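File shown here: coords_34.cif, holding mmCIF, C-alpha atoms and all ligand atoms.
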data_work
loop_
_atom_site.group_PDB
_atom_site.id
_atom_site.type_symbol
_atom_site.label_atom_id
_atom_site.label_comp_id
_atom_site.auth_asym_id
_atom_site.auth_seq_id
_atom_site.Cartn_x
_atom_site.Cartn_y
_atom_site.Cartn_z
ATOM 1 C CA MET D 1 181.204 152.583 83.388
ATOM 2 C CA PHE D 2 177.638 151.832 82.540
ATOM 3 C CA GLN D 3 176.952 148.837 84.713
ATOM 4 C CA TRP D 4 174.311 146.200 84.122
ATOM 5 C CA ASN D 5 172.386 145.528 87.314
ATOM 6 C CA GLU D 6 169.246 143.734 88.424
ATOM 7 C CA LYS D 7 166.951 146.574 87.474
ATOM 8 C CA TYR D 8 167.739 145.781 83.840
ATOM 9 C CA SER D 9 166.859 142.138 84.245
ATOM 10 C CA VAL D 10 163.887 140.907 82.244
ATOM 11 C CA GLY D 11 163.898 137.791 84.413
ATOM 12 C CA ILE D 12 164.844 135.511 81.543
ATOM 13 C CA GLN D 13 168.405 134.342 81.656
ATOM 14 C CA VAL D 14 169.123 133.861 77.954
ATOM 15 C CA VAL D 15 167.891 137.384 77.280
ATOM 16 C CA ASP D 16 169.811 138.986 80.144
ATOM 17 C CA VAL D 17 173.026 137.358 78.940
ATOM 18 C CA GLN D 18 172.564 138.986 75.547
ATOM 19 C CA HIS D 19 171.606 142.345 77.022
ATOM 20 C CA LYS D 20 174.844 142.342 78.976
ATOM 21 C CA GLU D 21 176.689 142.152 75.670
ATOM 22 C CA LEU D 22 175.146 145.459 74.705
ATOM 23 C CA PHE D 23 176.410 147.014 77.918
ATOM 24 C CA LYS D 24 179.883 145.768 77.032
ATOM 25 C CA LEU D 25 179.718 147.516 73.684
ATOM 26 C CA LEU D 26 178.488 150.693 75.290
ATOM 27 C CA ASN D 27 181.337 150.621 77.790
ATOM 28 C CA LYS D 28 183.868 149.978 75.081
ATOM 29 C CA LEU D 29 182.668 153.121 73.368
ATOM 30 C CA LEU D 30 182.587 155.105 76.595
ATOM 31 C CA GLU D 31 186.121 154.056 77.468
ATOM 32 C CA ALA D 32 187.373 154.976 74.002
ATOM 33 C CA MET D 33 185.703 158.376 74.301
ATOM 34 C CA LYS D 34 187.371 159.001 77.638
ATOM 35 C CA GLN D 35 190.751 158.098 76.208
ATOM 36 C CA GLY D 36 190.138 160.206 73.140
ATOM 37 C CA TYR D 37 190.207 157.502 70.484
ATOM 38 C CA ALA D 38 186.494 157.014 69.908
ATOM 39 C CA SER D 39 186.784 157.492 66.159
ATOM 40 C CA ASN D 40 188.940 154.359 66.028
ATOM 41 C CA VAL D 41 186.263 152.161 67.532
ATOM 42 C CA THR D 42 183.005 153.527 66.080
ATOM 43 C CA ASN D 43 183.374 151.376 62.991
ATOM 44 C CA GLU D 44 184.005 148.238 64.988
ATOM 45 C CA ILE D 45 181.160 148.992 67.385
ATOM 46 C CA ILE D 46 178.691 149.535 64.581
ATOM 47 C CA MET D 47 179.691 146.200 63.027
ATOM 48 C CA GLU D 48 179.280 144.535 66.416
ATOM 49 C CA LEU D 49 175.895 146.171 66.892
ATOM 50 C CA GLU D 50 174.746 144.856 63.573
ATOM 51 C CA LYS D 51 175.699 141.300 64.520
ATOM 52 C CA TYR D 52 174.216 141.740 67.965
ATOM 53 C CA ALA D 53 170.912 142.998 66.603
ATOM 54 C CA VAL D 54 170.477 140.095 64.213
ATOM 55 C CA LEU D 55 171.201 137.416 66.803
ATOM 56 C CA HIS D 56 169.417 139.027 69.708
ATOM 57 C CA PHE D 57 166.267 140.140 67.910
ATOM 58 C CA GLN D 58 165.972 136.780 66.199
ATOM 59 C CA LYS D 59 165.977 135.114 69.561
ATOM 60 C CA GLU D 60 163.329 137.384 71.079
ATOM 61 C CA GLU D 61 161.164 137.229 67.985
ATOM 62 C CA PHE D 62 161.424 133.450 67.820
ATOM 63 C CA PHE D 63 159.907 133.280 71.291
ATOM 64 C CA PHE D 64 157.239 135.883 70.439
ATOM 65 C CA HIS D 65 155.944 133.706 67.641
ATOM 66 C CA ARG D 66 156.315 130.483 69.519
ATOM 67 C CA PHE D 67 154.426 131.810 72.549
ATOM 68 C CA SER D 68 151.991 133.967 70.526
ATOM 69 C CA PHE D 69 153.058 137.032 72.510
ATOM 70 C CA SER D 70 150.375 139.718 72.251
ATOM 71 C CA GLY D 71 152.825 142.605 71.807
ATOM 72 C CA THR D 72 154.716 140.977 68.940
ATOM 73 C CA GLU D 73 153.959 143.454 66.171
ATOM 74 C CA GLU D 74 154.719 146.571 68.163
ATOM 75 C CA HIS D 75 157.863 145.069 69.593
ATOM 76 C CA ILE D 76 159.203 143.980 66.226
ATOM 77 C CA ARG D 77 158.660 147.513 64.977
ATOM 78 C CA GLU D 78 161.072 148.768 67.635
ATOM 79 C CA HIS D 79 163.636 146.188 66.596
ATOM 80 C CA GLN D 80 163.293 147.371 63.022
ATOM 81 C CA HIS D 81 163.945 150.954 64.086
ATOM 82 C CA PHE D 82 167.107 149.859 65.842
ATOM 83 C CA ILE D 83 168.321 148.050 62.738
ATOM 84 C CA GLN D 84 167.463 151.050 60.561
ATOM 85 C CA LYS D 85 169.469 153.340 62.803
ATOM 86 C CA VAL D 86 172.479 151.030 62.768
ATOM 87 C CA THR D 87 172.206 150.694 58.991
ATOM 88 C CA SER D 88 172.123 154.441 58.547
ATOM 89 C CA LEU D 89 175.113 154.917 60.847
ATOM 90 C CA LYS D 90 176.965 152.312 58.832
ATOM 91 C CA ALA D 91 176.123 154.125 55.605
ATOM 92 C CA ASP D 92 177.344 157.390 57.125
ATOM 93 C CA LEU D 93 180.635 155.793 58.002
ATOM 94 C CA LYS D 94 181.000 154.284 54.559
ATOM 95 C CA SER D 95 180.426 157.614 52.889
ATOM 96 C CA GLY D 96 183.216 159.084 54.958
ATOM 97 C CA LYS D 97 181.018 160.994 57.336
ATOM 98 C CA ILE D 98 182.494 161.047 60.771
ATOM 99 C CA ILE D 99 180.135 159.504 63.240
ATOM 100 C CA ILE D 100 179.885 161.605 66.297
ATOM 101 C CA SER D 101 180.534 159.221 69.125
ATOM 102 C CA PHE D 102 178.026 161.073 71.284
ATOM 103 C CA GLU D 103 175.310 160.283 68.808
ATOM 104 C CA LEU D 104 176.134 156.600 69.017
ATOM 105 C CA LEU D 105 176.453 156.743 72.791
ATOM 106 C CA ASN D 106 173.095 158.449 73.224
ATOM 107 C CA PHE D 107 171.431 156.076 70.835
ATOM 108 C CA LEU D 108 172.626 153.090 72.894
ATOM 109 C CA LYS D 109 171.756 154.700 76.206
ATOM 110 C CA ASP D 110 168.270 155.570 74.990
ATOM 111 C CA TRP D 111 167.808 152.031 73.749
ATOM 112 C CA ILE D 112 168.760 150.613 77.130
ATOM 113 C CA ASP D 113 166.576 153.064 79.042
ATOM 114 C CA HIS D 114 163.563 152.734 76.838
ATOM 115 C CA HIS D 115 163.685 149.357 75.167
ATOM 116 C CA ILE D 116 165.434 147.114 77.683
ATOM 117 C CA LEU D 117 164.070 148.808 80.778
ATOM 118 C CA ILE D 118 160.472 149.176 79.606
ATOM 119 C CA VAL D 119 159.561 147.413 76.386
ATOM 120 C CA ASP D 120 161.460 144.154 76.889
ATOM 121 C CA LYS D 121 159.928 143.701 80.319
ATOM 122 C CA GLN D 122 156.514 143.468 78.722
ATOM 123 C CA TYR D 123 157.255 139.931 77.548
ATOM 124 C CA SER D 124 158.676 138.689 80.869
ATOM 125 C CA GLU D 125 155.402 137.246 82.125
ATOM 126 C CA CYS D 126 154.547 135.644 78.819
ATOM 127 C CA PHE D 127 157.976 134.022 78.518
ATOM 128 C CA LYS D 128 157.842 132.786 82.105
ATOM 129 C CA GLN D 129 154.389 131.351 81.675
ATOM 130 C CA ASN D 130 155.761 129.409 78.758
ATOM 131 C CA GLY D 131 158.501 127.894 80.839
ATOM 132 C CA LEU D 132 161.492 130.137 80.251
ATOM 133 C CA GLN D 133 163.462 131.262 83.251
HETATM 134 FE FE FE D 201 163.443 143.619 72.329
#
Just give me the structure of the file as structure tokens.
Ligand SMILES: [Fe+2]
Amino acid sequence: MFQWNEKYSVGIQVVDVQHKELFKLLNKLLEAMKQGYASNVTNEIIMELEKYAVLHFQKEEFFFHRFSFSGTEEHIREHQHFIQKVTSLKADLKSGKIIISFELLNFLKDWIDHHILIVDKQYSECFKQNGLQ
């Protein structure tokens, strides 16, 4: 299990709730890999990731603009990379290429370790100063 804990908190509740959803997806994949049926869930997980990305990034980016967050441009670029990766994985699946579950797993783990743990925290202060909690 890849457990969400306080170190992943960006200190903003609505964001943390959404980040926990990503952990759920990661664990679903991990569990399937352990049981040996990962190929059955990769498709579903990629679809879920696509939905997740749209909703979650929209929310963050809405606040960036509203609060004139100084790191907006750079941050949005990272979101775009995430979406590009998911789109390319989806295309791979569609063309019959078998997605290696490890690739997907590592992609999600890296995202959590780099984006959630480091990049997302950069807006915490700005969001708090603007009244979010
Ligand atoms: Fe973000």
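With all atoms listed in the file as the atoms that count, the residue of D:Leu117, D:His75, D:Val86, D:Ile98 with the shortest distance to ligand FE 201 (chain D) is D:His75.
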_Tell me which residues come within 12 Å of (180.9, 150.0, 76.5), as a count of residues only, counting all atoms listed in the file in the file's coordinates._
31
For chain D versus ligand FE 201 (chain D), which residues have an atom no more than 9 Å away, and what is each residue's nearest atom pair and distance in Å rounded to one decimal, using all atoms listed in the file, chain-then-number order, as a Markdown table?
| residue | atom | partner | partner_atom | distance |
| --- | --- | --- | --- | --- |
| D:His56 | CA | D:FE201 | FE | 8.0 |
| D:Phe57 | CA | D:FE201 | FE | 6.3 |
| D:Glu60 | CA | D:FE201 | FE | 6.4 |
| D:Glu61 | CA | D:FE201 | FE | 8.1 |
| D:His75 | CA | D:FE201 | FE | 6.4 |
| D:Ile76 | CA | D:FE201 | FE | 7.4 |
| D:Glu78 | CA | D:FE201 | FE | 7.4 |
| D:His79 | CA | D:FE201 | FE | 6.3 |
| D:His115 | CA | D:FE201 | FE | 6.4 |
| D:Ile116 | CA | D:FE201 | FE | 6.7 |
| D:Val119 | CA | D:FE201 | FE | 6.8 |
| D:Asp120 | CA | D:FE201 | FE | 5.0 |
| D:Lys121 | CA | D:FE201 | FE | 8.7 |
| D:Tyr123 | CA | D:FE201 | FE | 8.9 |
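Using the PyMOL selection byres (((chain D and resi 128) around 12) and not hetatm) on this structure selects Val10, Gly11, Ile12, Gln13, Phe63, Phe67, Phe69, Lys121, Gln122, Tyr123, Ser124, Glu125, Cys126, Phe127, Gln129, Asn130, Gly131, Leu132 and Gln133 of chain D.
Among the candidates D:Val15, D:Ile112, D:Ala53, D:Ile118, the residue lying nearest to His81 of chain D is D:Ala53 (atoms considered: only C-alpha atoms).
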*Choose the residue, out of D:His65, D:Ser39, D:Lys59, D:Tyr52, that has the smallest atom-to-atom separation from Gly96 of chain D; count only C-alpha atoms.*
D:Ser39
